[in-house]
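Comments concern the structure below.
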Amino acid sequence: MAAPEPTPAGKPVPYWAGLLLSVVAGAALLLSFPSYSVWWLAPFGVAASALAVHRRRPRTGALFGFITGVVFFAPLLSWTSTHVGPWPWLLLVGLQAAYFALQGLALALVSPVVDRRRWSWPLIIGVLWVGQEALRGRTPFGGFPWGRLAFSQADAPTLRLAVLGGAPLVTFVVAVTGGLLLLAVTRAFSRLLAAPPTTADVSSDPLGSGWIRDDGRIFDQDSTQNPDPAPIPAATPEPARQGKPKRWLVAASLILGAAALTVVGYAVPLSTPDGPTVTVAIVQGNVPRMGLDFNAQRRAVLDNHVTATEQLAADVAAGKQAKPDLVIWPENSSDIDPLRNADAADAIDRAARAVGVPILVGSVLNGRQEGQVYNVGLVWESGQGVTARYTKQHPVPFAEYMPLRKWIEPIAKIVTDKAGLLRSDFQPGDTSGVLTMGPATIGDVICFEIAYDGLVRDTVTDGAGLLVVQTNNATFNVDEARQQLAMVRLRAVEHGRESLMSSTVGISGFVDASGDVHQSTGFFTRDVQVRQLHEGTGTTLATRLAYWPELVLSVIAIAVLAGAVVVRRRSRG
């Protein structure tokens, strides 16, 4: 029996177009994040990235994915180079872009599956994005989940979906929306992925696009198992198989589907905190100078927060300000260990006595062994001192501790002359940040911990009625602060908790359970803000589902990849 005649499956976009699309994808993703916040560009970035790598060889998919990652992460994370020089920033960008390279490889690998079941393309794109973010958020050294698609949606209706499935669901929906847009474009402009009419056309693609025979077997241009390399009969033009009006009607339907998926969040009811009302004050004391040497000014930073709190007390006494039930100072507001330094303890106690309520103090405590320190939030009450404490559970590698110090420290000192400043390693805590402050039960997370799903969720399941983020942005810039505040907004919706962010230099502010920001402060200023907040007592569906949405979607991603590998092996066997 004669072998079935090969039927062209189509080809990828031209190589130059793939490169351009990779750059455009990274730029669109970047513009969707703060400080630009053009959130609706995120699905277009997803679509451009997927189109660039479709039907490419996996190694070319990895290259194009890496390019997208560099274009996206280099500006997004530029604040990491503010005071330590370019090399740590470039290394971080390269590491994060490597995960985009893996994603590009995966998207290229699944091309045969997509070509057989074109309707599955948006769903496959969605699960692969979730899988990539799950991996990037956990490896290496606990991961770095900055730049998740979900964190670009603080101003979008899709933010509301966080109440159902957290950040993974928001990422999935944004990526699927991009996949629907891509399907619409390829349906309307079918020549984008048109079949090659001749062998010459196939040869002109330096990466090889391959074709699919009638029996489903796939062949690459340079494979030794290719069928007779005689000229391939011209493919039946797409318009001949499907009329142009019908193609455009399908494309329009897909665009409407993408639009519907974007606005469906408006139909999702949010959780409304129904607990008691508490009045909370944020104190943003500011620092004398920006930069890494803020640590050398630690007494001045502490005095700034004491002075601002005493002024708050005076305003309360004068009737200019409502009396708070608790006061929140930011991370590093006292880098002098008040448990070992009497002067620091007296200063904090003076502030607590003046305002007459507990203060959450961001401090650094010395450990029992030399070279060990702790990044903590201390509940300080006048005359009693520390009544509760939370220790940061996820210190930042290379910023708060040196992983594998014996081997990595010599390399780090070559990369940046600031590596020597990290003389001590911050030790992780082992309990959630649930703290009692006067009438309120708060969930404290410190700085970058807001990016990690489980750390925030644990505070809510352990009983927190409010979410509090203590942070220090003095070593970064306003872009980083805005990106961080966007994460706080998502967490507030995800868990149905009114929240706040308290920073040494800004941005500080309150966030309600719908993700709206109130009374935000300026950057590099001293400020005090007071607001009534409602404690939450219930749990959202996202809180109850915990890690299951991400796990299920990631397992599906692995299954799709495994299926793609099987299809490819069978096609060559």
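Letters A, B, ... go to the chains of the structure tokens in the order shown; residues in each chain start at 1; ligands are counted from 1 in the same order.
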Exercise for review: Apply DSSP to the backbone of this structure and, from segment 437-542 of chain A, keep only the residues in helix (DSSP H, G or I); write these as an MDAnalysis selection string.
Suggested key: chainID A and resid 447:451 453:461 478:495 541:542
Using the selection just defined, write its residues with C-alpha atoms as a CSV table (one decimal), in the first residue's frame.
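Result file is selection_23.csv:
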chain,number,residue,atom,x,y,z
A,447,CYS,CA,8.3,43.2,51.9
A,448,PHE,CA,8.7,40.6,49.1
A,449,GLU,CA,6.7,38.0,51.0
A,450,ILE,CA,3.5,39.6,49.5
A,451,ALA,CA,4.5,37.9,46.2
A,453,ASP,CA,0.7,32.9,47.7
A,454,GLY,CA,1.2,30.5,50.6
A,455,LEU,CA,2.8,33.0,53.0
A,456,VAL,CA,-0.1,35.4,52.6
A,457,ARG,CA,-2.8,32.7,52.7
A,458,ASP,CA,-1.4,31.2,55.9
A,459,THR,CA,-2.0,34.5,57.8
A,460,VAL,CA,-5.7,34.4,56.8
A,461,THR,CA,-6.3,30.7,57.6
A,478,VAL,CA,9.0,54.3,43.0
A,479,ASP,CA,8.5,51.7,40.2
A,480,GLU,CA,9.2,48.8,42.6
A,481,ALA,CA,6.9,50.3,45.2
A,482,ARG,CA,4.0,50.5,42.7
A,483,GLN,CA,4.6,47.0,41.6
A,484,GLN,CA,4.5,45.8,45.2
A,485,LEU,CA,1.3,47.8,45.9
A,486,ALA,CA,-0.3,46.0,42.9
A,487,MET,CA,0.4,42.7,44.7
A,488,VAL,CA,-1.2,44.0,47.9
A,489,ARG,CA,-4.3,44.9,45.8
A,490,LEU,CA,-4.6,41.4,44.5
A,491,ARG,CA,-4.2,39.8,47.9
A,492,ALA,CA,-6.9,42.0,49.4
A,493,VAL,CA,-9.4,40.7,46.7
A,494,GLU,CA,-8.1,37.2,46.9
A,495,HIS,CA,-8.7,36.8,50.6
A,541,LEU,CA,-13.2,30.4,47.7
A,542,ALA,CA,-9.6,31.2,46.7
**Study point:** Selection near Leu302 of chain A, 6 Å with only C-alpha atoms, sequence-local residues under 2 positions removed, as a ChimeraX atom specification
**Key:** /A:299-300,304-305,333-334
Review point. Closest to Ser49 of chain A among A:Gly179, A:Gly147, A:Pro428, A:Pro14, using only C-alpha atoms?
Key: A:Gly179
Point to revise | Close residues, Ser37 of chain A itself excluded, 12 Å, only C-alpha atoms, min 4 positions apart in chain, as a ChimeraX atom specification | key: /A:28-33,41-42,76,149,151-156,479,482-483,486
Selection from above, C-alpha atoms, as a short mmCIF file (atom, residue, chain, number, x, y, z; two decimals), in the first residue's frame, can you write it?
data_model
loop_
_atom_site.label_atom_id
_atom_site.label_comp_id
_atom_site.auth_asym_id
_atom_site.auth_seq_id
_atom_site.Cartn_x
_atom_site.Cartn_y
_atom_site.Cartn_z
CA ALA A 28 3.54 44.59 25.70
CA LEU A 29 3.99 42.61 28.92
CA LEU A 30 6.18 45.35 30.38
CA LEU A 31 3.67 48.09 29.58
CA SER A 32 0.90 46.13 31.30
CA PHE A 33 2.71 46.43 34.66
CA LEU A 41 -1.77 44.81 26.78
CA ALA A 42 -0.94 41.66 28.77
CA LEU A 76 10.70 45.72 34.96
CA LEU A 149 0.63 38.01 34.74
CA PHE A 151 0.17 41.18 39.12
CA SER A 152 -0.42 43.28 36.00
CA GLN A 153 -4.20 43.24 36.51
CA ALA A 154 -4.65 45.50 39.55
CA ASP A 155 -6.79 47.95 37.55
CA ALA A 156 -8.53 45.31 35.41
CA ASP A 479 8.45 51.65 40.24
CA ARG A 482 4.03 50.54 42.68
CA GLN A 483 4.61 46.96 41.57
CA ALA A 486 -0.33 46.03 42.93
#
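Checking A:Leu467, A:Ala101, A:Leu51, A:Val130 one by one against Val114 of chain A, counting only C-alpha atoms, you find the shortest gap at A:Leu51.
Non-sequential neighbours of segment 125-127 of chain A (distance at most 9 Å, separation of 2 or more positions within a chain, only C-alpha atoms) are A:Val46, A:Ala47, A:Ala50, A:Leu107, A:Ser120, A:Trp121, A:Pro122, A:Leu123, A:Trp129, A:Val130, A:Gly131, A:Gln132, A:Thr171, A:Phe172, A:Val173, A:Val174, A:Ala175, A:Val176, A:Thr177, A:Gly178, A:Gly179, A:Glu550, A:Leu553, A:Ser554, A:Val555, A:Ile556, A:Ala557, A:Ile558, A:Val560.
Remark: for Ala52 of chain A, the closest of the candidate residues A:Pro86, A:Pro12, A:Gly371, A:Gly506 is A:Pro12 (distances computed over only C-alpha atoms).
The residue set within 8 Å of Val355 of chain A, counting only C-alpha atoms and dropping same-chain residues fewer than 5 places from it, reads Thr309, Glu310, Leu312 and Ala313 of chain A.
For the residues A:Phe524, A:Tyr99, A:Trp146, A:Trp119, ranking by smallest atom-to-atom distance to Val287 of chain A using only C-alpha atoms places A:Phe524 first.
Among the candidates A:Asp337, A:Glu381, A:Glu331, A:Glu409, the residue lying nearest to Met501 of chain A is A:Glu331 (atoms considered: only C-alpha atoms).
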Check your understanding: Got a sec: who's within 12 Å of segment 417-425 of chain A, counting only C-alpha atoms, leaving out chain neighbours fewer than 3 positions off, as a PyMOL selection string?
Key -> chain A and resi 81-88+291-293+295-296+364-367+369-375+395-405+408-414+428
Review point. Which residues, written as a PyMOL selection string, have at least one atom at most 12 Å from segment 269-272 of chain A, with only C-alpha atoms counted and residues fewer than 3 positions away on the same chain left out?
Key: chain A and resi 157+159-164+264-266+275+465+492-498+512-515+533-543
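Checking A:Ile67, A:Met437, A:Val110, A:Leu378 one by one against Val566 of chain A, counting only C-alpha atoms, you find the shortest gap at A:Val110.
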Practice item. Step one, run DSSP on the backbone; step two, keep only residues of segment 391-447 of chain A assigned to strand (DSSP E); then write them as a ChimeraX atom specification. Key: /A:391,425-426,434-437,440-446
